[in-house]
Structures are given as structure tokens and as C-alpha cells.
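**Student:** Have a peek at start_37.pdb (PDB, C-alpha atoms).
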ATOM      1  CA  ASP A   1     -11.501 -55.322 -36.606
ATOM      2  CA  GLY A   2     -11.859 -57.334 -33.411
ATOM      3  CA  GLY A   3     -12.383 -55.311 -30.280
ATOM      4  CA  ILE A   4     -13.048 -51.953 -31.944
ATOM      5  CA  THR A   5     -16.643 -51.031 -32.700
ATOM      6  CA  GLN A   6     -17.563 -48.046 -34.811
ATOM      7  CA  SER A   7     -21.155 -46.961 -35.185
ATOM      8  CA  PRO A   8     -23.159 -46.239 -37.123
ATOM      9  CA  LYS A   9     -21.877 -47.808 -40.344
ATOM     10  CA  TYR A  10     -23.583 -45.090 -42.411
ATOM     11  CA  LEU A  11     -24.545 -41.598 -41.261
ATOM     12  CA  PHE A  12     -26.211 -38.702 -42.989
ATOM     13  CA  ARG A  13     -25.846 -35.106 -41.932
ATOM     14  CA  LYS A  14     -28.116 -32.209 -42.716
ATOM     15  CA  GLU A  15     -26.679 -28.772 -43.271
ATOM     16  CA  GLY A  16     -25.965 -26.979 -40.000
ATOM     17  CA  GLN A  17     -26.218 -30.148 -37.956
ATOM     18  CA  ASN A  18     -23.634 -31.639 -35.613
ATOM     19  CA  VAL A  19     -23.260 -35.404 -35.723
ATOM     20  CA  THR A  20     -21.329 -37.752 -33.469
ATOM     21  CA  LEU A  21     -19.496 -40.889 -34.544
ATOM     22  CA  SER A  22     -18.962 -43.540 -31.926
ATOM     23  CA  CYS A  23     -15.791 -45.565 -31.336
ATOM     24  CA  GLU A  24     -15.624 -48.139 -28.539
ATOM     25  CA  GLN A  25     -12.803 -50.560 -27.801
ATOM     26  CA  ASN A  26     -12.312 -53.465 -25.410
ATOM     27  CA  LEU A  27      -8.629 -54.011 -26.176
ATOM     28  CA  ASN A  28      -7.462 -52.022 -23.157
ATOM     29  CA  HIS A  29      -5.313 -49.828 -25.407
ATOM     30  CA  ASP A  30      -4.383 -46.413 -24.100
ATOM     31  CA  ALA A  31      -4.050 -44.585 -27.407
ATOM     32  CA  MET A  32      -6.915 -43.926 -29.798
ATOM     33  CA  TYR A  33      -7.022 -42.107 -33.128
ATOM     34  CA  TRP A  34      -9.484 -40.699 -35.631
ATOM     35  CA  TYR A  35      -8.598 -40.646 -39.334
ATOM     36  CA  ARG A  36     -10.457 -39.298 -42.322
ATOM     37  CA  GLN A  37     -10.238 -41.054 -45.675
ATOM     38  CA  ASP A  38     -11.405 -39.418 -48.904
ATOM     39  CA  PRO A  39     -11.970 -41.496 -52.049
ATOM     40  CA  GLY A  40      -8.699 -42.521 -53.652
ATOM     41  CA  GLN A  41      -6.672 -40.856 -50.945
ATOM     42  CA  GLY A  42      -4.733 -41.869 -47.910
ATOM     43  CA  LEU A  43      -5.551 -41.367 -44.258
ATOM     44  CA  ARG A  44      -5.382 -37.978 -42.604
ATOM     45  CA  LEU A  45      -5.208 -37.643 -38.846
ATOM     46  CA  ILE A  46      -8.008 -35.638 -37.205
ATOM     47  CA  TYR A  47      -7.465 -36.112 -33.457
ATOM     48  CA  TYR A  48      -5.665 -38.506 -31.183
ATOM     49  CA  SER A  49      -5.629 -39.355 -27.511
ATOM     50  CA  GLN A  50      -2.772 -41.033 -25.690
ATOM     51  CA  ILE A  51      -4.541 -41.251 -22.358
ATOM     52  CA  VAL A  52      -7.905 -40.637 -20.725
ATOM     53  CA  ASN A  53      -8.913 -36.964 -20.359
ATOM     54  CA  ASP A  54      -6.244 -35.859 -22.822
ATOM     55  CA  PHE A  55      -6.317 -35.430 -26.577
ATOM     56  CA  GLN A  56      -4.377 -33.585 -29.266
ATOM     57  CA  LYS A  57      -5.207 -32.092 -32.644
ATOM     58  CA  GLY A  58      -4.009 -33.872 -35.721
ATOM     59  CA  ASP A  59      -3.422 -32.447 -39.184
ATOM     60  CA  ILE A  60      -7.058 -31.607 -40.021
ATOM     61  CA  ALA A  61      -8.806 -30.916 -36.689
ATOM     62  CA  GLU A  62     -10.787 -27.854 -37.795
ATOM     63  CA  GLY A  63     -14.525 -28.503 -37.716
ATOM     64  CA  TYR A  64     -14.184 -31.561 -35.468
ATOM     65  CA  SER A  65     -14.220 -32.157 -31.716
ATOM     66  CA  VAL A  66     -13.552 -35.156 -29.492
ATOM     67  CA  SER A  67     -13.720 -36.249 -25.863
ATOM     68  CA  ARG A  68     -11.974 -39.005 -23.950
ATOM     69  CA  GLU A  69     -13.810 -39.446 -20.658
ATOM     70  CA  LYS A  70     -13.309 -43.198 -20.592
ATOM     71  CA  LYS A  71     -10.477 -45.411 -21.799
ATOM     72  CA  GLU A  72     -12.906 -47.449 -23.884
ATOM     73  CA  SER A  73     -14.551 -44.593 -25.751
ATOM     74  CA  PHE A  74     -13.365 -41.839 -28.106
ATOM     75  CA  PRO A  75     -16.339 -40.214 -29.861
ATOM     76  CA  LEU A  76     -15.842 -37.791 -32.737
ATOM     77  CA  THR A  77     -18.256 -34.915 -33.347
ATOM     78  CA  VAL A  78     -18.413 -33.437 -36.821
ATOM     79  CA  THR A  79     -19.631 -29.898 -36.304
ATOM     80  CA  SER A  80     -21.446 -27.582 -38.669
ATOM     81  CA  ALA A  81     -18.161 -25.741 -39.108
ATOM     82  CA  GLN A  82     -16.846 -28.665 -41.152
ATOM     83  CA  LYS A  83     -18.008 -27.636 -44.603
ATOM     84  CA  ASN A  84     -16.950 -30.757 -46.458
ATOM     85  CA  PRO A  85     -17.651 -33.643 -44.096
ATOM     86  CA  THR A  86     -18.414 -36.349 -46.643
ATOM     87  CA  ALA A  87     -15.742 -39.024 -46.100
ATOM     88  CA  PHE A  88     -15.007 -42.407 -44.577
ATOM     89  CA  TYR A  89     -14.001 -42.065 -40.919
ATOM     90  CA  LEU A  90     -11.745 -44.602 -39.274
ATOM     91  CA  CYS A  91     -11.055 -45.051 -35.594
ATOM     92  CA  ALA A  92      -7.918 -46.852 -34.464
ATOM     93  CA  THR A  93      -6.289 -47.935 -31.252
ATOM     94  CA  GLN A  94      -2.634 -48.472 -30.598
ATOM     95  CA  THR A  95      -0.889 -51.145 -28.638
ATOM     96  CA  GLY A  96       2.382 -50.396 -26.928
ATOM     97  CA  GLU A  97       3.977 -53.359 -28.723
ATOM     98  CA  ARG A  98       5.775 -51.940 -31.758
ATOM     99  CA  GLU A  99       3.055 -49.282 -31.978
ATOM    100  CA  LYS A 100       0.799 -51.324 -34.229
ATOM    101  CA  LEU A 101      -2.522 -49.702 -35.072
ATOM    102  CA  PHE A 102      -5.751 -51.648 -35.020
ATOM    103  CA  PHE A 103      -8.667 -50.223 -36.972
ATOM    104  CA  GLY A 104     -12.419 -50.280 -36.652
ATOM    105  CA  SER A 105     -14.620 -50.988 -39.653
ATOM    106  CA  GLY A 106     -15.329 -47.326 -40.354
ATOM    107  CA  THR A 107     -18.274 -44.944 -40.658
ATOM    108  CA  GLN A 108     -19.299 -43.453 -43.988
ATOM    109  CA  LEU A 109     -20.606 -39.931 -43.463
ATOM    110  CA  SER A 110     -22.575 -38.231 -46.212
ATOM    111  CA  VAL A 111     -24.312 -34.878 -46.479
ATOM    112  CA  LEU A 112     -28.006 -34.696 -47.366
TER     113      LEU A 112
ATOM    114  CA  GLY B 113       0.560 -33.702 -48.583
ATOM    115  CA  GLU B 114       1.894 -37.108 -47.722
ATOM    116  CA  ASP B 115       5.565 -37.699 -47.013
ATOM    117  CA  VAL B 116       5.059 -41.351 -47.855
ATOM    118  CA  GLU B 117       4.454 -42.008 -51.554
ATOM    119  CA  GLN B 118       2.970 -44.933 -53.396
ATOM    120  CA  SER B 119       1.845 -45.536 -56.942
ATOM    121  CA  LEU B 120      -1.918 -45.414 -57.294
ATOM    122  CA  PHE B 121      -2.690 -48.604 -59.149
ATOM    123  CA  LEU B 122      -1.331 -52.061 -59.949
ATOM    124  CA  SER B 123      -2.932 -54.768 -62.054
ATOM    125  CA  VAL B 124      -1.695 -58.370 -62.147
ATOM    126  CA  ARG B 125      -2.969 -61.751 -63.297
ATOM    127  CA  GLU B 126      -3.954 -64.414 -60.819
ATOM    128  CA  GLY B 127      -0.967 -66.590 -59.943
ATOM    129  CA  ASP B 128       1.595 -63.906 -60.766
ATOM    130  CA  SER B 129       3.623 -62.038 -58.167
ATOM    131  CA  SER B 130       2.665 -58.500 -57.182
ATOM    132  CA  VAL B 131       5.171 -55.901 -56.061
ATOM    133  CA  ILE B 132       3.884 -52.762 -54.370
ATOM    134  CA  ASN B 133       6.395 -50.006 -53.806
ATOM    135  CA  CYS B 134       6.625 -47.193 -51.281
ATOM    136  CA  THR B 135       9.080 -44.393 -50.647
ATOM    137  CA  TYR B 136       9.361 -42.505 -47.406
ATOM    138  CA  THR B 137      11.283 -39.454 -46.358
ATOM    139  CA  ASP B 138      12.276 -39.805 -42.721
ATOM    140  CA  SER B 139      15.522 -41.712 -42.346
ATOM    141  CA  SER B 140      14.921 -41.964 -38.608
ATOM    142  CA  SER B 141      11.778 -44.060 -39.066
ATOM    143  CA  THR B 142      11.932 -47.053 -36.767
ATOM    144  CA  TYR B 143       9.111 -49.257 -37.993
ATOM    145  CA  LEU B 144       7.447 -49.543 -41.365
ATOM    146  CA  TYR B 145       4.109 -51.212 -41.906
ATOM    147  CA  TRP B 146       1.904 -52.620 -44.636
ATOM    148  CA  TYR B 147      -1.864 -52.478 -44.231
ATOM    149  CA  LYS B 148      -4.612 -53.916 -46.447
ATOM    150  CA  GLN B 149      -8.038 -52.317 -46.916
ATOM    151  CA  GLU B 150     -10.929 -54.124 -48.551
ATOM    152  CA  PRO B 151     -13.915 -52.107 -49.855
ATOM    153  CA  GLY B 152     -15.918 -50.393 -47.139
ATOM    154  CA  ALA B 153     -13.783 -51.802 -44.348
ATOM    155  CA  GLY B 154     -11.080 -50.709 -41.970
ATOM    156  CA  LEU B 155      -7.378 -51.331 -42.396
ATOM    157  CA  GLN B 156      -5.885 -54.687 -41.524
ATOM    158  CA  LEU B 157      -2.247 -54.960 -40.524
ATOM    159  CA  LEU B 158      -0.456 -57.356 -42.870
ATOM    160  CA  THR B 159       3.122 -57.129 -41.739
ATOM    161  CA  TYR B 160       5.763 -54.757 -40.454
ATOM    162  CA  ILE B 161       9.528 -54.470 -40.492
ATOM    163  CA  PHE B 162      11.980 -52.917 -38.111
ATOM    164  CA  SER B 163      14.366 -50.441 -39.649
ATOM    165  CA  ASN B 164      17.462 -52.502 -38.881
ATOM    166  CA  MET B 165      16.174 -55.334 -41.058
ATOM    167  CA  ASP B 166      16.547 -55.674 -44.831
ATOM    168  CA  MET B 167      13.925 -58.301 -45.427
ATOM    169  CA  LYS B 168      11.078 -60.049 -43.738
ATOM    170  CA  GLN B 169       9.116 -62.998 -45.091
ATOM    171  CA  ASP B 170       5.740 -64.157 -43.876
ATOM    172  CA  GLN B 171       4.144 -66.906 -45.962
ATOM    173  CA  ARG B 172       3.266 -65.319 -49.335
ATOM    174  CA  LEU B 173       4.414 -61.871 -48.237
ATOM    175  CA  THR B 174       7.968 -60.557 -48.541
ATOM    176  CA  VAL B 175       8.921 -57.098 -47.353
ATOM    177  CA  LEU B 176      12.137 -55.524 -48.617
ATOM    178  CA  LEU B 177      13.624 -52.411 -47.051
ATOM    179  CA  ASN B 178      16.328 -50.274 -48.618
ATOM    180  CA  LYS B 179      17.197 -47.689 -45.998
ATOM    181  CA  LYS B 180      19.726 -45.931 -48.166
ATOM    182  CA  ASP B 181      17.098 -45.155 -50.789
ATOM    183  CA  LYS B 182      14.222 -44.982 -48.258
ATOM    184  CA  HIS B 183      12.356 -47.551 -50.309
ATOM    185  CA  LEU B 184       9.994 -50.208 -49.034
ATOM    186  CA  SER B 185       8.315 -52.910 -51.091
ATOM    187  CA  LEU B 186       5.734 -55.598 -50.520
ATOM    188  CA  ARG B 187       5.839 -58.683 -52.701
ATOM    189  CA  ILE B 188       2.822 -60.969 -52.783
ATOM    190  CA  ALA B 189       3.605 -64.367 -54.261
ATOM    191  CA  ASP B 190       0.968 -66.353 -56.171
ATOM    192  CA  THR B 191      -1.480 -63.443 -56.099
ATOM    193  CA  GLN B 192      -5.123 -64.447 -55.699
ATOM    194  CA  THR B 193      -8.342 -62.601 -56.503
ATOM    195  CA  GLY B 194      -8.881 -62.250 -52.762
ATOM    196  CA  ASP B 195      -5.758 -60.095 -52.633
ATOM    197  CA  SER B 196      -7.575 -57.363 -54.571
ATOM    198  CA  ALA B 197      -7.641 -54.400 -52.189
ATOM    199  CA  ILE B 198      -5.908 -51.128 -51.390
ATOM    200  CA  TYR B 199      -2.504 -51.486 -49.769
ATOM    201  CA  PHE B 200      -1.081 -48.766 -47.548
ATOM    202  CA  CYS B 201       2.435 -48.399 -46.328
ATOM    203  CA  ALA B 202       3.068 -46.434 -43.152
ATOM    204  CA  GLU B 203       6.069 -45.285 -41.198
ATOM    205  CA  ARG B 204       6.547 -44.643 -37.530
ATOM    206  CA  ARG B 205       9.075 -41.926 -37.074
ATOM    207  CA  ASN B 206      11.524 -41.883 -34.237
ATOM    208  CA  ALA B 207       9.678 -39.091 -32.466
ATOM    209  CA  GLY B 208       6.223 -39.951 -31.236
ATOM    210  CA  ASN B 209       3.910 -42.881 -31.708
ATOM    211  CA  MET B 210       1.937 -41.685 -34.689
ATOM    212  CA  LEU B 211       2.048 -43.368 -38.039
ATOM    213  CA  THR B 212       2.238 -41.523 -41.349
ATOM    214  CA  PHE B 213       0.421 -43.265 -44.174
ATOM    215  CA  GLY B 214       0.966 -43.284 -47.903
ATOM    216  CA  GLY B 215      -1.911 -42.652 -50.282
ATOM    217  CA  GLY B 216      -2.499 -46.337 -50.940
ATOM    218  CA  THR B 217      -2.031 -48.592 -53.977
ATOM    219  CA  ARG B 218      -5.086 -50.243 -55.448
ATOM    220  CA  LEU B 219      -4.237 -53.820 -56.473
ATOM    221  CA  MET B 220      -6.491 -55.445 -59.026
ATOM    222  CA  VAL B 221      -6.081 -59.163 -59.648
ATOM    223  CA  LYS B 222      -7.486 -60.474 -62.923
ATOM    224  CA  PRO B 223      -8.591 -64.109 -63.172
TER     225      PRO B 223
END
Kindly present the structure from the file in C-alpha cells form.
**Tutor:**
Amino acid sequence: DGGITQSPKYLFRKEGQNVTLSCEQNLNHDAMYWYRQDPGQGLRLIYYSQIVNDFQKGDIAEGYSVSREKKESFPLTVTSAQKNPTAFYLCATQTGEREKLFFGSGTQLSVL
Amino acid sequence: GEDVEQSLFLSVREGDSSVINCTYTDSSSTYLYWYKQEPGAGLQLLTYIFSNMDMKQDQRLTVLLNKKDKHLSLRIADTQTGDSAIYFCAERRNAGNMLTFGGGTRLMVKP
């Protein structure tokens, strides 16, 4: 996971609450991604950012928001509009070399 | 749904070879990747292959690519218990930088 830090490792959300997942990187990569992983399923793209101050919706952006004010940071907010937020969330960065993705260690979000 | 498909589960005995298969749909894909995920962790890049290659070998790992059939496989020689994990294939299509992932194959290695 070197160079990509996701926190917290575990997070609990109460109904109606917004929560923010942190993703920080020191790899100097321009592109950053947020994926959602449900048990026994593959990865689904939530949001991505190719450059600072710009981001795009992925396949399942509803109920989520992001910001990219700094190259190193790409936080994901799970809003109260996301009715089924329980999942494993993975942040990734992308190097320009052959577009390899590097992943953080993930945050498990659960609903209380 | 996913455009990249994998079987859900594979069980092998320690010391045997494992073959994990993947089919993809976009013939213009330029790079194809194999990632490994251990429980509660992120994905780790194992290997990748460029679309103009048929095979790539890296120690115990062999990747085979059949572009005609859009079929990718990962062979793990002398499979060890530490190889037990979920394996994801992914493709990078010609347009854009994003990767599309398969649903993952859970490999179980029995002692």
C-alpha cells in the first residue's frame, strides 16, 4: 500500500449522518480514484480526479461527494442520501507509467 | 454489471498449479492487469500484459492472452497457502485511463 494512507480503518455511521473518509498520498500521482467493494463483488467506481480542483463522477456517484483541493488528498464524503453505505471503500492513485493503479488499505464503513 | 467476467471460486491443493480465467469485452483494450487482494486489505498489482503480447512470465506467474477470444488467464505455479486471496483481472480500454475490474476469483489453497 506504500504511499497511500486511508483512514480510519473502520467507520460507523448513524442514520442521517454524513461521514468523511480520508485518502492521502505521497506518491506525487496526479490521478486519484474512489472505489466501493461489496462482499463477494468487484470494484465499482464512485468518483475520480485526474488533476487538482477537478473531479468526475464514476458509475455510482449518487449519495457521495468529493473534493480535490490538494494533489495529496482526495477525501470522500458519504452523505445521508446514500441509503446503503455499508461497504469496503478503496482509494487508489494512478501513475502515468502504463496506468497502473496503486491502492490504499481500505476503510470498512458500517451503519449503526 | 461488469464487462469483465471471472469465475467466483477456485480451490487447489498446495503444490499444484492454479489457473484463473478472465474474459473481457473490449477488443481495443491496451493493457490487462492482475491484482491480488488479501482479506481486509487493498489490491496489490501482481502483473500486467500489453495487448500486443501473448504471454508474460514473472517467476511463478504466467499470464496468457488470447486477443481473438478476449481471454486472459493467470497461472500460478507451485501454489502455496499464502496465495489464498481474491484475484481480480482488469482492463484498460483504449479511451481514457480508467480500469474496469472483474468481479474477482477467490482462490483457496488446501494444505
**Student:** Could you list, as a list in words, every residue within 7 Å of stretch 178-187 of chain B, counting only C-alpha atoms and ignoring same-chain residues fewer than 5 positions away?
**Tutor:**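 With the cut-off at 7 Å, the set is Ser129, Ser130, Val131, Ile132, Asn133, Cys134, Thr135, Tyr136, Thr137, Ser139, Asp166 and Leu173 of chain B.
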**Student:** Work out where the centre of an axis-aligned box around every listed atom of stretch 193-201 of chain B lies and how long its edges are once 4 Å is added on each side; give both in Å to one decimal as JSON.
**Tutor:**
{"center_x": -3.2, "center_y": -55.5, "center_z": -51.4, "size_x": 19.3, "size_y": 22.2, "size_z": 18.2}
**Student:** Which is closest to chain A among B:Val124, B:Met165, B:Leu176, B:Leu158, if we use all atoms listed in the file?
**Tutor:** B:Leu158
**Student:** Residues near A:Val19, anyone? I mean within 10 Å using all atoms listed in the file, not counting same-chain ones fewer than 2 positions away, as a list in words.
**Tutor:** Leu11, Phe12, Arg13, Lys14, Gly16, Gln17, Leu21, Ser22, Tyr64, Leu76, Thr77, Val78, Thr79, Ser80 and Leu109 of chain A
**Student:** Find the residue from B:Cys201, B:Ala189, B:Leu177, B:Met167 that sits nearest to chain A; use all atoms listed in the file when measuring.
**Tutor:**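 So, comparing all the options, the nearest one is B:Cys201.
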**Student:** Write out as a ChimeraX atom specification each polymer residue whose atoms come within 8 Å of A:Lys70, counting all atoms listed in the file; drop sequence neighbours fewer than 3 positions from it.
**Tutor:** /A:52-53,73-74
**Student:** List the residues matched by the PyMOL selection byres ((chain A and resi 88-93) around 8) in the displayed structure as a list in words, ordered by chain and then by residue number.
**Tutor:**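 Checking the PyMOL selection byres ((chain A and resi 88-93) around 8) against this file, the residues are Ile4, Gln6, Cys23, Gln25, His29, Asp30, Ala31, Met32, Tyr33, Trp34, Tyr35, Arg36, Gln37, Asp38, Thr86, Ala87, Gln94, Thr95, Leu101, Phe102, Phe103, Gly104, Ser105, Gly106, Thr107, Gln108 and Leu109 of chain A; Gly154 of chain B.
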**Student:** Using all atoms listed in the file, tabulate the residues of chain B lying at most 7 Å from any atom of chain A, each with its closest atom pair and that distance in Å to one decimal, by chain and increasing residue number, as JSON lines.
**Tutor:**
{"residue": "B:Ala153", "atom": "CA", "partner": "A:Ser105", "partner_atom": "CA", "distance": 4.8}
{"residue": "B:Gly154", "atom": "CA", "partner": "A:Ser105", "partner_atom": "CA", "distance": 4.2}
{"residue": "B:Leu155", "atom": "CA", "partner": "A:Phe103", "partner_atom": "CA", "distance": 5.7}
{"residue": "B:Gln156", "atom": "CA", "partner": "A:Phe103", "partner_atom": "CA", "distance": 7.0}
{"residue": "B:Asn209", "atom": "CA", "partner": "A:Glu99", "partner_atom": "CA", "distance": 6.5}
{"residue": "B:Phe213", "atom": "CA", "partner": "A:Leu43", "partner_atom": "CA", "distance": 6.3}
{"residue": "B:Gly214", "atom": "CA", "partner": "A:Gly42", "partner_atom": "CA", "distance": 5.9}
{"residue": "B:Gly215", "atom": "CA", "partner": "A:Gly42", "partner_atom": "CA", "distance": 3.8}
{"residue": "B:Gly216", "atom": "CA", "partner": "A:Gly42", "partner_atom": "CA", "distance": 5.8}
**Student:** Okay, now the selection with C-alpha atoms, as a PDB file, in the coordinates of the input?
**Tutor:**
ATOM      1  CA  ALA B 153     -13.783 -51.802 -44.348  1.00  0.00           C
ATOM      2  CA  GLY B 154     -11.080 -50.709 -41.970  1.00  0.00           C
ATOM      3  CA  LEU B 155      -7.378 -51.331 -42.396  1.00  0.00           C
ATOM      4  CA  GLN B 156      -5.885 -54.687 -41.524  1.00  0.00           C
ATOM      5  CA  ASN B 209       3.910 -42.881 -31.708  1.00  0.00           C
ATOM      6  CA  PHE B 213       0.421 -43.265 -44.174  1.00  0.00           C
ATOM      7  CA  GLY B 214       0.966 -43.284 -47.903  1.00  0.00           C
ATOM      8  CA  GLY B 215      -1.911 -42.652 -50.282  1.00  0.00           C
ATOM      9  CA  GLY B 216      -2.499 -46.337 -50.940  1.00  0.00           C
TER      10      GLY B 216
END
**Student:** What's the separation between atom CA of B:Tyr143 and atom CA of B:Tyr160, in Å to one decimal place?
**Tutor:**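 Computing it gives 6.9 Å between the two atoms.
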**Student:** Take atom CA of B:Phe200 and atom CA of A:Pro75 and report the distance between them in Å, one decimal.
**Tutor:**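 Between atom CA of B:Phe200 and atom CA of A:Pro75 the gap is 24.9 Å.
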**Student:** What does the distance between atom CA of A:Ser67 and atom CA of A:Ile46 come to in Å, to one decimal place?
**Tutor:**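 One can read the atom CA of A:Ser67 to atom CA of A:Ile46 distance as 12.7 Å.
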**Student:** When you look at B:Asp128 with a cut-off of 9 Å (counting all atoms listed in the file), what residues show up, excluding the ones that are within fewer than 5 positions of it in the same chain? I need them as a VMD selection string.
**Tutor:** chain B and resid 188 to 192
**Student:** Decode the PyMOL selection byres ((chain B and resi 120) around 9) for the given file into explicit residues and return them as an NGL selection string.
**Tutor:** (:A and (40)) or (:B and (118-119 or 121-122 or 215-219))
**Student:** Skip B:Ala197 itself and residues of its chain fewer than 3 positions away, then list as a compact mmCIF listing (two decimals) with C-alpha atoms, keeping the file's coordinate frame all residues within 8 Å of it, counting all atoms listed in the file.
**Tutor:**
# COMPACT_ATOMS: atom_id res chain seq x y z
CA LYS B 148 -4.61 -53.92 -46.45
CA GLN B 149 -8.04 -52.32 -46.92
CA GLU B 150 -10.93 -54.12 -48.55
CA PRO B 151 -13.92 -52.11 -49.86
CA GLY B 194 -8.88 -62.25 -52.76
CA ARG B 218 -5.09 -50.24 -55.45
CA LEU B 219 -4.24 -53.82 -56.47
CA MET B 220 -6.49 -55.44 -59.03
**Student:** Using all atoms listed in the file, which residue out of A:Asn18, A:Ser7, A:Ser65, A:Ser110 lies closest to A:Asn84?
**Tutor:** A:Ser110
**Student:** When distances are computed from all atoms listed in the file, which of B:Thr212, B:Gly127, B:Ser140, B:Tyr199 shows the smallest separation from B:Thr159?
**Tutor:**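 Closest candidate: B:Tyr199.
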**Student:** Would you mind telling me which residue in B:Ser163, B:Thr174, B:Gln169, B:Thr193 lies nearest to B:Thr142 when using only C-alpha atoms?
**Tutor:**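 Selected residue with least distance to B:Thr142: B:Ser163.
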